[in-house]
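Structure data (compact mmCIF, N, CA and C atoms) from work-v2.txt:
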# COMPACT_ATOMS: atom_id res chain seq x y z
N MET G 1120 48.15 39.91 -26.50
CA MET G 1120 46.77 39.77 -26.93
C MET G 1120 46.03 38.68 -26.13
N ILE G 1121 46.70 37.57 -25.96
CA ILE G 1121 46.10 36.48 -25.19
C ILE G 1121 45.95 36.89 -23.73
N LEU G 1122 46.93 37.64 -23.22
CA LEU G 1122 46.86 38.10 -21.84
C LEU G 1122 45.68 39.04 -21.63
N VAL G 1123 45.41 39.92 -22.59
CA VAL G 1123 44.27 40.84 -22.49
C VAL G 1123 42.96 40.07 -22.50
N ALA G 1124 42.85 39.08 -23.37
CA ALA G 1124 41.64 38.26 -23.42
C ALA G 1124 41.44 37.50 -22.12
N LEU G 1125 42.52 36.97 -21.57
CA LEU G 1125 42.44 36.24 -20.31
C LEU G 1125 42.00 37.16 -19.17
N VAL G 1126 42.53 38.37 -19.12
CA VAL G 1126 42.14 39.33 -18.09
C VAL G 1126 40.67 39.70 -18.24
N LEU G 1127 40.20 39.89 -19.46
CA LEU G 1127 38.79 40.22 -19.69
C LEU G 1127 37.87 39.07 -19.26
N VAL G 1128 38.25 37.86 -19.56
CA VAL G 1128 37.43 36.71 -19.19
C VAL G 1128 37.38 36.56 -17.67
N VAL G 1129 38.51 36.65 -17.01
CA VAL G 1129 38.54 36.51 -15.55
C VAL G 1129 37.80 37.67 -14.89
N GLY G 1130 38.01 38.88 -15.38
CA GLY G 1130 37.31 40.04 -14.83
C GLY G 1130 35.81 39.94 -15.01
N GLY G 1131 35.37 39.50 -16.19
CA GLY G 1131 33.94 39.32 -16.43
C GLY G 1131 33.35 38.25 -15.54
N SER G 1132 34.08 37.16 -15.32
CA SER G 1132 33.60 36.08 -14.47
C SER G 1132 33.44 36.55 -13.02
N VAL G 1133 34.42 37.29 -12.52
CA VAL G 1133 34.35 37.79 -11.14
C VAL G 1133 33.21 38.79 -11.01
N THR G 1134 33.07 39.67 -11.99
CA THR G 1134 31.98 40.66 -11.96
C THR G 1134 30.62 39.97 -11.99
N TRP G 1135 30.46 38.98 -12.82
CA TRP G 1135 29.19 38.24 -12.94
C TRP G 1135 28.84 37.57 -11.62
N ARG G 1136 29.84 37.05 -10.92
CA ARG G 1136 29.61 36.35 -9.65
C ARG G 1136 29.05 37.29 -8.59
N PHE G 1137 29.46 38.55 -8.59
CA PHE G 1137 29.06 39.47 -7.54
C PHE G 1137 27.88 40.35 -7.93
N LEU G 1138 27.32 40.16 -9.11
CA LEU G 1138 26.12 40.91 -9.48
C LEU G 1138 24.94 40.43 -8.63
N PRO G 1139 24.05 41.33 -8.22
CA PRO G 1139 22.88 40.88 -7.45
C PRO G 1139 21.98 40.01 -8.33
N GLU G 1140 21.35 39.03 -7.68
CA GLU G 1140 20.46 38.14 -8.42
C GLU G 1140 19.19 38.87 -8.82
N ALA G 1141 18.72 38.59 -10.02
CA ALA G 1141 17.48 39.21 -10.50
C ALA G 1141 16.30 38.62 -9.75
N ASP G 1142 15.29 39.42 -9.50
CA ASP G 1142 14.09 38.96 -8.81
C ASP G 1142 13.16 38.33 -9.84
N THR G 1143 13.30 37.02 -10.00
CA THR G 1143 12.47 36.32 -10.97
C THR G 1143 11.14 35.89 -10.36
N GLU G 1144 11.04 35.98 -9.04
CA GLU G 1144 9.84 35.52 -8.35
C GLU G 1144 9.02 36.71 -7.86
N SER G 1145 8.63 37.59 -8.74
CA SER G 1145 7.92 38.79 -8.32
C SER G 1145 6.47 38.51 -7.91
N HIS G 1146 5.93 37.36 -8.28
CA HIS G 1146 4.54 37.07 -7.94
C HIS G 1146 4.37 36.52 -6.53
N VAL G 1147 5.45 36.18 -5.84
CA VAL G 1147 5.31 35.57 -4.51
C VAL G 1147 4.71 36.54 -3.50
N GLU G 1148 4.93 37.83 -3.69
CA GLU G 1148 4.36 38.79 -2.75
C GLU G 1148 2.85 38.86 -2.84
N SER G 1149 2.27 38.44 -3.95
CA SER G 1149 0.82 38.50 -4.11
C SER G 1149 0.12 37.22 -3.63
N LEU G 1150 0.87 36.21 -3.24
CA LEU G 1150 0.26 34.97 -2.74
C LEU G 1150 -0.32 35.21 -1.36
N ARG G 1151 -1.54 34.72 -1.14
CA ARG G 1151 -2.18 34.85 0.18
C ARG G 1151 -1.53 33.83 1.13
N MET G 1152 -1.03 34.34 2.24
CA MET G 1152 -0.21 33.52 3.12
C MET G 1152 -0.69 33.63 4.56
N GLU G 1153 -0.52 32.53 5.28
CA GLU G 1153 -0.71 32.57 6.73
C GLU G 1153 0.59 32.13 7.38
N VAL G 1154 0.85 32.65 8.56
CA VAL G 1154 2.04 32.31 9.32
C VAL G 1154 1.60 31.53 10.54
N VAL G 1155 2.18 30.35 10.73
CA VAL G 1155 1.86 29.49 11.87
C VAL G 1155 3.11 29.38 12.73
N ASN G 1156 2.99 29.75 13.99
CA ASN G 1156 4.11 29.71 14.91
C ASN G 1156 4.24 28.32 15.50
N GLY G 1157 5.24 27.58 15.02
CA GLY G 1157 5.52 26.25 15.55
C GLY G 1157 6.85 26.21 16.28
N SER G 1158 7.38 27.38 16.61
CA SER G 1158 8.72 27.45 17.22
C SER G 1158 8.70 27.11 18.71
N GLY G 1159 7.55 27.20 19.33
CA GLY G 1159 7.48 26.95 20.76
C GLY G 1159 7.70 28.21 21.59
N LEU G 1160 8.02 29.32 20.94
CA LEU G 1160 8.21 30.59 21.62
C LEU G 1160 7.03 31.50 21.32
N SER G 1161 6.52 32.17 22.32
CA SER G 1161 5.35 33.01 22.09
C SER G 1161 5.72 34.26 21.29
N ARG G 1162 4.81 34.69 20.47
CA ARG G 1162 4.86 35.91 19.67
C ARG G 1162 5.88 35.90 18.53
N VAL G 1163 6.53 34.79 18.28
CA VAL G 1163 7.47 34.73 17.16
C VAL G 1163 6.72 34.78 15.84
N GLY G 1164 5.58 34.12 15.77
CA GLY G 1164 4.78 34.12 14.54
C GLY G 1164 4.35 35.52 14.15
N ARG G 1165 3.91 36.32 15.11
CA ARG G 1165 3.49 37.70 14.84
C ARG G 1165 4.68 38.52 14.37
N ALA G 1166 5.85 38.34 15.00
CA ALA G 1166 7.04 39.09 14.61
C ALA G 1166 7.49 38.72 13.20
N VAL G 1167 7.42 37.43 12.85
CA VAL G 1167 7.78 37.00 11.50
C VAL G 1167 6.77 37.54 10.49
N ALA G 1168 5.49 37.53 10.84
CA ALA G 1168 4.47 38.07 9.94
C ALA G 1168 4.69 39.55 9.69
N ASP G 1169 5.05 40.29 10.72
CA ASP G 1169 5.34 41.72 10.55
C ASP G 1169 6.53 41.92 9.62
N GLU G 1170 7.56 41.10 9.79
CA GLU G 1170 8.73 41.18 8.91
C GLU G 1170 8.36 40.87 7.46
N LEU G 1171 7.54 39.85 7.26
CA LEU G 1171 7.11 39.50 5.90
C LEU G 1171 6.28 40.62 5.27
N GLN G 1172 5.42 41.24 6.06
CA GLN G 1172 4.63 42.35 5.54
C GLN G 1172 5.51 43.53 5.17
N MET G 1173 6.56 43.77 5.94
CA MET G 1173 7.49 44.85 5.59
C MET G 1173 8.25 44.53 4.31
N ARG G 1174 8.45 43.23 4.03
CA ARG G 1174 9.11 42.82 2.79
C ARG G 1174 8.16 42.83 1.60
N GLY G 1175 6.86 43.03 1.86
CA GLY G 1175 5.89 43.11 0.77
C GLY G 1175 5.02 41.87 0.60
N PHE G 1176 5.14 40.89 1.47
CA PHE G 1176 4.31 39.69 1.37
C PHE G 1176 2.90 39.98 1.86
N ASP G 1177 1.95 39.22 1.36
CA ASP G 1177 0.53 39.40 1.66
C ASP G 1177 0.11 38.41 2.75
N VAL G 1178 0.32 38.77 4.01
CA VAL G 1178 0.02 37.89 5.14
C VAL G 1178 -1.40 38.17 5.61
N TYR G 1179 -2.23 37.14 5.58
CA TYR G 1179 -3.63 37.28 5.96
C TYR G 1179 -3.91 36.86 7.40
N ALA G 1180 -3.16 35.90 7.91
CA ALA G 1180 -3.47 35.38 9.24
C ALA G 1180 -2.21 34.93 9.95
N VAL G 1181 -2.27 34.96 11.28
CA VAL G 1181 -1.20 34.45 12.13
C VAL G 1181 -1.86 33.62 13.21
N ARG G 1182 -1.32 32.43 13.42
CA ARG G 1182 -1.87 31.60 14.49
C ARG G 1182 -0.76 30.76 15.10
N ALA G 1183 -1.03 30.18 16.25
CA ALA G 1183 -0.08 29.32 16.94
C ALA G 1183 -0.39 27.87 16.62
N ASP G 1184 0.64 27.06 16.54
CA ASP G 1184 0.49 25.64 16.29
C ASP G 1184 0.82 24.90 17.59
N PRO G 1185 -0.07 24.04 18.06
CA PRO G 1185 0.22 23.33 19.31
C PRO G 1185 1.39 22.37 19.19
N GLN G 1186 1.69 21.93 17.96
CA GLN G 1186 2.82 21.04 17.74
C GLN G 1186 4.06 21.86 17.42
N HIS G 1187 5.18 21.48 18.02
CA HIS G 1187 6.43 22.18 17.75
C HIS G 1187 7.04 21.65 16.46
N SER G 1188 7.67 22.54 15.73
CA SER G 1188 8.33 22.17 14.49
C SER G 1188 9.79 22.58 14.58
N ALA G 1189 10.68 21.66 14.29
CA ALA G 1189 12.11 21.97 14.36
C ALA G 1189 12.55 22.81 13.18
N ARG G 1190 11.94 22.57 12.01
CA ARG G 1190 12.36 23.25 10.79
C ARG G 1190 11.27 24.18 10.28
N THR G 1191 11.69 25.31 9.74
CA THR G 1191 10.77 26.23 9.09
C THR G 1191 10.36 25.61 7.76
N THR G 1192 9.05 25.57 7.50
CA THR G 1192 8.52 24.88 6.32
C THR G 1192 7.50 25.75 5.63
N VAL G 1193 7.53 25.73 4.29
CA VAL G 1193 6.53 26.42 3.49
C VAL G 1193 5.61 25.35 2.91
N VAL G 1194 4.31 25.47 3.18
CA VAL G 1194 3.33 24.47 2.76
C VAL G 1194 2.47 25.08 1.65
N ASP G 1195 2.37 24.38 0.53
CA ASP G 1195 1.52 24.83 -0.58
C ASP G 1195 0.13 24.27 -0.38
N LEU G 1196 -0.86 25.15 -0.31
CA LEU G 1196 -2.23 24.73 -0.06
C LEU G 1196 -3.07 24.62 -1.33
N ARG G 1197 -2.56 25.11 -2.46
CA ARG G 1197 -3.36 25.14 -3.70
C ARG G 1197 -2.74 24.38 -4.86
N ASP G 1198 -1.45 24.53 -5.09
CA ASP G 1198 -0.79 23.96 -6.26
C ASP G 1198 -0.30 22.54 -5.95
N PRO G 1199 -0.83 21.53 -6.64
CA PRO G 1199 -0.42 20.15 -6.35
C PRO G 1199 1.05 19.88 -6.67
N THR G 1200 1.67 20.70 -7.50
CA THR G 1200 3.09 20.51 -7.81
C THR G 1200 4.00 21.19 -6.78
N GLY G 1201 3.44 22.02 -5.92
CA GLY G 1201 4.22 22.71 -4.91
C GLY G 1201 4.95 23.93 -5.43
N GLY G 1202 4.55 24.45 -6.55
CA GLY G 1202 5.22 25.59 -7.17
C GLY G 1202 5.17 26.85 -6.33
N ASN G 1203 4.03 27.11 -5.70
CA ASN G 1203 3.92 28.30 -4.86
C ASN G 1203 4.85 28.21 -3.65
N ALA G 1204 4.89 27.05 -3.02
CA ALA G 1204 5.75 26.86 -1.86
C ALA G 1204 7.22 26.98 -2.24
N GLN G 1205 7.60 26.43 -3.39
CA GLN G 1205 8.99 26.52 -3.82
C GLN G 1205 9.37 27.96 -4.13
N ALA G 1206 8.46 28.72 -4.72
CA ALA G 1206 8.76 30.12 -5.03
C ALA G 1206 8.93 30.94 -3.75
N VAL G 1207 8.07 30.72 -2.77
CA VAL G 1207 8.19 31.44 -1.50
C VAL G 1207 9.47 31.02 -0.78
N ALA G 1208 9.79 29.72 -0.80
CA ALA G 1208 11.01 29.24 -0.15
C ALA G 1208 12.25 29.88 -0.78
N ARG G 1209 12.25 30.00 -2.11
CA ARG G 1209 13.38 30.66 -2.78
C ARG G 1209 13.46 32.14 -2.37
N ALA G 1210 12.30 32.79 -2.24
CA ALA G 1210 12.30 34.20 -1.84
C ALA G 1210 12.78 34.38 -0.40
N LEU G 1211 12.58 33.39 0.45
CA LEU G 1211 13.01 33.47 1.84
C LEU G 1211 14.41 32.92 2.07
N SER G 1212 15.01 32.33 1.06
CA SER G 1212 16.33 31.72 1.23
C SER G 1212 17.38 32.78 1.56
N VAL G 1213 18.39 32.36 2.27
CA VAL G 1213 19.47 33.27 2.67
C VAL G 1213 20.81 32.64 2.32
N GLN G 1214 21.78 33.50 2.10
CA GLN G 1214 23.14 33.07 1.79
C GLN G 1214 24.09 33.61 2.85
N ARG G 1215 24.78 32.72 3.53
CA ARG G 1215 25.80 33.17 4.48
C ARG G 1215 26.95 33.78 3.70
N ARG G 1216 27.53 34.84 4.25
CA ARG G 1216 28.62 35.53 3.56
C ARG G 1216 29.74 35.86 4.53
N TRP G 1217 30.93 35.87 4.02
CA TRP G 1217 32.08 36.39 4.71
C TRP G 1217 32.58 37.55 3.88
N ARG G 1218 32.47 38.73 4.44
CA ARG G 1218 32.66 39.96 3.69
C ARG G 1218 31.65 39.96 2.56
N ARG G 1219 32.05 39.90 1.32
CA ARG G 1219 31.07 39.82 0.23
C ARG G 1219 31.09 38.47 -0.46
N LEU G 1220 31.87 37.55 0.05
CA LEU G 1220 32.00 36.23 -0.57
C LEU G 1220 30.97 35.26 0.00
N PRO G 1221 30.24 34.56 -0.85
CA PRO G 1221 29.26 33.58 -0.35
C PRO G 1221 29.96 32.38 0.29
N LEU G 1222 29.40 31.91 1.39
CA LEU G 1222 29.92 30.74 2.08
C LEU G 1222 28.89 29.62 2.04
N GLY G 1223 29.25 28.52 1.48
CA GLY G 1223 28.39 27.35 1.48
C GLY G 1223 27.13 27.52 0.64
N PRO G 1224 26.27 26.52 0.69
CA PRO G 1224 25.02 26.59 -0.08
C PRO G 1224 24.01 27.52 0.58
N ARG G 1225 23.01 27.95 -0.21
CA ARG G 1225 21.94 28.81 0.31
C ARG G 1225 21.08 27.99 1.27
N ALA G 1226 20.65 28.63 2.35
CA ALA G 1226 19.73 28.00 3.29
C ALA G 1226 18.31 28.26 2.78
N VAL G 1227 17.57 27.21 2.50
CA VAL G 1227 16.22 27.31 1.95
C VAL G 1227 15.26 26.56 2.87
N PRO G 1228 14.11 27.17 3.21
CA PRO G 1228 13.15 26.43 4.04
C PRO G 1228 12.64 25.18 3.31
N GLU G 1229 12.23 24.20 4.10
CA GLU G 1229 11.64 23.00 3.52
C GLU G 1229 10.30 23.34 2.86
N THR G 1230 9.89 22.53 1.89
CA THR G 1230 8.59 22.72 1.25
C THR G 1230 7.83 21.41 1.26
N ARG G 1231 6.52 21.53 1.30
CA ARG G 1231 5.65 20.35 1.15
C ARG G 1231 4.29 20.81 0.65
N VAL G 1232 3.48 19.85 0.23
CA VAL G 1232 2.15 20.13 -0.31
C VAL G 1232 1.11 19.52 0.61
N ALA G 1233 0.11 20.32 0.98
CA ALA G 1233 -1.04 19.85 1.77
C ALA G 1233 -2.25 20.59 1.21
N LEU G 1234 -2.85 20.05 0.18
CA LEU G 1234 -3.93 20.73 -0.51
C LEU G 1234 -5.12 20.95 0.42
N ASP G 1235 -5.64 22.18 0.39
CA ASP G 1235 -6.80 22.56 1.19
C ASP G 1235 -7.58 23.61 0.40
N SER G 1236 -8.44 23.16 -0.48
CA SER G 1236 -9.17 24.09 -1.36
C SER G 1236 -10.28 24.83 -0.63
N ALA G 1237 -10.59 24.44 0.60
CA ALA G 1237 -11.64 25.12 1.35
C ALA G 1237 -11.15 26.45 1.93
N ARG G 1238 -9.84 26.65 1.99
CA ARG G 1238 -9.28 27.88 2.56
C ARG G 1238 -9.02 28.88 1.45
N TYR G 1239 -9.04 30.14 1.77
CA TYR G 1239 -8.76 31.19 0.80
C TYR G 1239 -7.26 31.44 0.68
N LEU G 1240 -6.46 30.78 1.50
CA LEU G 1240 -5.02 30.97 1.50
C LEU G 1240 -4.35 30.07 0.47
N GLU G 1241 -3.18 30.49 0.01
CA GLU G 1241 -2.43 29.71 -0.97
C GLU G 1241 -1.17 29.09 -0.37
N VAL G 1242 -0.60 29.74 0.64
CA VAL G 1242 0.66 29.26 1.22
C VAL G 1242 0.59 29.40 2.73
N ARG G 1243 1.15 28.42 3.43
CA ARG G 1243 1.26 28.48 4.89
C ARG G 1243 2.74 28.41 5.24
N LEU G 1244 3.22 29.35 6.02
CA LEU G 1244 4.60 29.32 6.50
C LEU G 1244 4.58 28.85 7.95
N VAL G 1245 5.14 27.68 8.19
CA VAL G 1245 5.25 27.15 9.55
C VAL G 1245 6.62 27.55 10.07
N VAL G 1246 6.61 28.44 11.06
CA VAL G 1246 7.86 28.96 11.62
C VAL G 1246 8.37 27.94 12.62
N GLY G 1247 9.55 27.39 12.35
CA GLY G 1247 10.13 26.38 13.21
C GLY G 1247 11.13 26.96 14.19
N GLU G 1248 11.75 26.07 14.95
CA GLU G 1248 12.74 26.49 15.93
C GLU G 1248 13.97 27.12 15.28
N ASP G 1249 14.18 26.88 13.99
CA ASP G 1249 15.33 27.44 13.26
C ASP G 1249 14.99 28.76 12.58
N TYR G 1250 13.97 29.47 13.06
CA TYR G 1250 13.50 30.68 12.38
C TYR G 1250 14.58 31.75 12.26
N ARG G 1251 15.55 31.77 13.15
CA ARG G 1251 16.61 32.79 13.09
C ARG G 1251 17.48 32.65 11.85
N ARG G 1252 17.51 31.47 11.24
CA ARG G 1252 18.27 31.32 9.99
C ARG G 1252 17.70 32.20 8.89
N PHE G 1253 16.38 32.32 8.85
CA PHE G 1253 15.71 33.04 7.77
C PHE G 1253 15.25 34.43 8.18
N PHE G 1254 15.07 34.65 9.46
CA PHE G 1254 14.60 35.93 9.97
C PHE G 1254 15.51 36.36 11.12
N ALA G 1255 16.74 36.71 10.78
CA ALA G 1255 17.76 36.99 11.80
C ALA G 1255 17.44 38.21 12.64
N HIS G 1256 16.73 39.17 12.08
CA HIS G 1256 16.48 40.42 12.79
C HIS G 1256 15.12 40.48 13.47
N VAL G 1257 14.41 39.37 13.49
CA VAL G 1257 13.09 39.34 14.11
C VAL G 1257 13.24 39.28 15.63
N VAL G 1258 12.55 40.19 16.30
CA VAL G 1258 12.57 40.21 17.77
C VAL G 1258 11.12 40.13 18.24
N PRO G 1259 10.72 39.01 18.86
CA PRO G 1259 9.36 38.94 19.40
C PRO G 1259 9.23 39.86 20.60
N LEU G 1260 8.25 40.73 20.57
CA LEU G 1260 8.04 41.68 21.67
C LEU G 1260 7.15 41.04 22.72
N TYR G 1261 7.56 41.11 23.95
CA TYR G 1261 6.82 40.50 25.04
C TYR G 1261 6.01 41.52 25.76

Take the structure in the file and write it out as structure tokens.
Amino acid sequence: MILVALVLVVGGSVTWRFLPEADTESHVESLRMEVVNGSGLSRVGRAVADELQMRGFDVYAVRADPQHSARTTVVDLRDPTGGNAQAVARALSVQRRWRRLPLGPRAVPETRVALDSARYLEVRLVVGEDYRRFFAHVVPLY
């Protein structure tokens, strides 16, 4: 009897670990977003914006940043608590895997707040030199 209970508990724990995560951030696709290419490579911003649009994100603008950024960052332009940026960062986070087993912590883009109420946008994604961590299949077309 104890052995059956132990098998059920272990089996339930393993099953729970491999269940897909629920999409609790369904509103992130409706946030107005701009993509800023800070990677130093031409056309990466457009390629990332296309990928985001295929994922269902609402990308309004793409532009180049004259300053290079080492890290991909999500900037909240409206919410002083940074809630929008954190939600988008969670939606863009990736988990390295070996076979089906997760390896290490999730890679999540950095977040910060830079309020700009004059713009119609809510979130700015600054694509950094590490963009391949979050957009592995993006190929900038030359």

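The space separating atom CA of Arg1165 of chain G from atom N of Asp1177 of chain G comes to 13.7 Å.
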
Please give the centre and size of the box around segment 1230-1238 of chain G (axis-aligned, containing every atom listed in the file, 3 Å added per side), with values in Å to one decimal and written as AutoDock Vina command-line options.
--center_x -0.9 --center_y 24.2 --center_z 0.6 --size_x 27.5 --size_y 15.4 --size_z 9.9

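Considering the residues G:Val1129, G:Val1232, G:Ala1255, G:Val1246 and counting all atoms listed in the file, Gly1159 of chain G has its shortest atom-to-atom contact with G:Val1246.
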
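For the pair atom N of Arg1190 of chain G and atom CA of Val1163 of chain G, the separation is 13.9 Å.
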
When you draw a straight line from atom C of Ala1166 of chain G to atom N of Gly1202 of chain G, how long is it in Å?
24.5 Å

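Closest approach to Val1155 of chain G among G:Ala1206, G:Leu1244, G:Val1257, G:Leu1220 is made by G:Leu1244 (distances from all atoms listed in the file).
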
Strand (DSSP E or B) call set, DSSP backbone run, segment 1131-1255 of chain G, as a compact mmCIF listing (two decimals) with N, CA and C atoms, in the coordinates of the input:
# COMPACT_ATOMS: atom_id res chain seq x y z
N ARG G 1151 -1.54 34.72 -1.14
CA ARG G 1151 -2.18 34.85 0.18
C ARG G 1151 -1.53 33.83 1.13
N MET G 1152 -1.03 34.34 2.24
CA MET G 1152 -0.21 33.52 3.12
C MET G 1152 -0.69 33.63 4.56
N GLU G 1153 -0.52 32.53 5.28
CA GLU G 1153 -0.71 32.57 6.73
C GLU G 1153 0.59 32.13 7.38
N VAL G 1154 0.85 32.65 8.56
CA VAL G 1154 2.04 32.31 9.32
C VAL G 1154 1.60 31.53 10.54
N VAL G 1155 2.18 30.35 10.73
CA VAL G 1155 1.86 29.49 11.87
C VAL G 1155 3.11 29.38 12.73
N ASN G 1156 2.99 29.75 13.99
CA ASN G 1156 4.11 29.71 14.91
C ASN G 1156 4.24 28.32 15.50
N ASP G 1177 1.95 39.22 1.36
CA ASP G 1177 0.53 39.40 1.66
C ASP G 1177 0.11 38.41 2.75
N VAL G 1178 0.32 38.77 4.01
CA VAL G 1178 0.02 37.89 5.14
C VAL G 1178 -1.40 38.17 5.61
N TYR G 1179 -2.23 37.14 5.58
CA TYR G 1179 -3.63 37.28 5.96
C TYR G 1179 -3.91 36.86 7.40
N ALA G 1180 -3.16 35.90 7.91
CA ALA G 1180 -3.47 35.38 9.24
C ALA G 1180 -2.21 34.93 9.95
N VAL G 1181 -2.27 34.96 11.28
CA VAL G 1181 -1.20 34.45 12.13
C VAL G 1181 -1.86 33.62 13.21
N ARG G 1182 -1.32 32.43 13.42
CA ARG G 1182 -1.87 31.60 14.49
C ARG G 1182 -0.76 30.76 15.10
N ALA G 1183 -1.03 30.18 16.25
CA ALA G 1183 -0.08 29.32 16.94
C ALA G 1183 -0.39 27.87 16.62
N THR G 1192 9.05 25.57 7.50
CA THR G 1192 8.52 24.88 6.32
C THR G 1192 7.50 25.75 5.63
N VAL G 1193 7.53 25.73 4.29
CA VAL G 1193 6.53 26.42 3.49
C VAL G 1193 5.61 25.35 2.91
N VAL G 1194 4.31 25.47 3.18
CA VAL G 1194 3.33 24.47 2.76
C VAL G 1194 2.47 25.08 1.65
N ASP G 1195 2.37 24.38 0.53
CA ASP G 1195 1.52 24.83 -0.58
C ASP G 1195 0.13 24.27 -0.38
N VAL G 1213 18.39 32.36 2.27
CA VAL G 1213 19.47 33.27 2.67
C VAL G 1213 20.81 32.64 2.32
N ARG G 1216 27.53 34.84 4.25
CA ARG G 1216 28.62 35.53 3.56
C ARG G 1216 29.74 35.86 4.53
N TRP G 1217 30.93 35.87 4.02
CA TRP G 1217 32.08 36.39 4.71
C TRP G 1217 32.58 37.55 3.88
N LEU G 1220 31.87 37.55 0.05
CA LEU G 1220 32.00 36.23 -0.57
C LEU G 1220 30.97 35.26 0.00
N PRO G 1221 30.24 34.56 -0.85
CA PRO G 1221 29.26 33.58 -0.35
C PRO G 1221 29.96 32.38 0.29
N ALA G 1226 20.65 28.63 2.35
CA ALA G 1226 19.73 28.00 3.29
C ALA G 1226 18.31 28.26 2.78
N GLU G 1229 12.23 24.20 4.10
CA GLU G 1229 11.64 23.00 3.52
C GLU G 1229 10.30 23.34 2.86
N THR G 1230 9.89 22.53 1.89
CA THR G 1230 8.59 22.72 1.25
C THR G 1230 7.83 21.41 1.26
N ARG G 1231 6.52 21.53 1.30
CA ARG G 1231 5.65 20.35 1.15
C ARG G 1231 4.29 20.81 0.65
N VAL G 1232 3.48 19.85 0.23
CA VAL G 1232 2.15 20.13 -0.31
C VAL G 1232 1.11 19.52 0.61
N VAL G 1242 -0.60 29.74 0.64
CA VAL G 1242 0.66 29.26 1.22
C VAL G 1242 0.59 29.40 2.73
N ARG G 1243 1.15 28.42 3.43
CA ARG G 1243 1.26 28.48 4.89
C ARG G 1243 2.74 28.41 5.24
N LEU G 1244 3.22 29.35 6.02
CA LEU G 1244 4.60 29.32 6.50
C LEU G 1244 4.58 28.85 7.95
N VAL G 1245 5.14 27.68 8.19
CA VAL G 1245 5.25 27.15 9.55
C VAL G 1245 6.62 27.55 10.07
N VAL G 1246 6.61 28.44 11.06
CA VAL G 1246 7.86 28.96 11.62
C VAL G 1246 8.37 27.94 12.62

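Candidate residues G:Arg1238, G:Arg1252, G:Arg1219, G:Arg1231 were compared for distance to Val1207 of chain G, and the nearest is G:Arg1231, using only C-alpha atoms.
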
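Between Val1193 of chain G and the residues G:Arg1243, G:Ala1210, G:Val1147, G:Ser1236, the shortest atom-to-atom distance, using only C-alpha atoms, involves G:Arg1243.
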
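Proximity of G:Ala1226, G:Ala1237, G:Met1152, G:Tyr1250 to Leu1211 of chain G, computed with all atoms listed in the file, is greatest for G:Ala1226.
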
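When only C-alpha atoms are used to measure the gap to Gly1164 of chain G, the shortest distance among G:Leu1260, G:Val1194, G:Val1227, G:Val1123 belongs to G:Leu1260.
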
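For Ala1233 of chain G, the set of protein, DNA and RNA residues having any atom at most 6 Å away, when counting all atoms listed in the file and skipping those fewer than 4 positions along the same chain, is Val1194, Asp1195, Leu1196 and Arg1197 of chain G.
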
List every residue of chain G that DSSP, applied to the backbone of this structure, assigns to helix (DSSP H, G or I), and report them as a count of residues only.
48

Exercise: Arg1182 of chain G partners within 10 Å, only C-alpha atoms, chain neighbours under 2 positions left out, as a ChimeraX atom specification
/G:1153-1157,1162,1164-1165,1180,1184-1185,1245
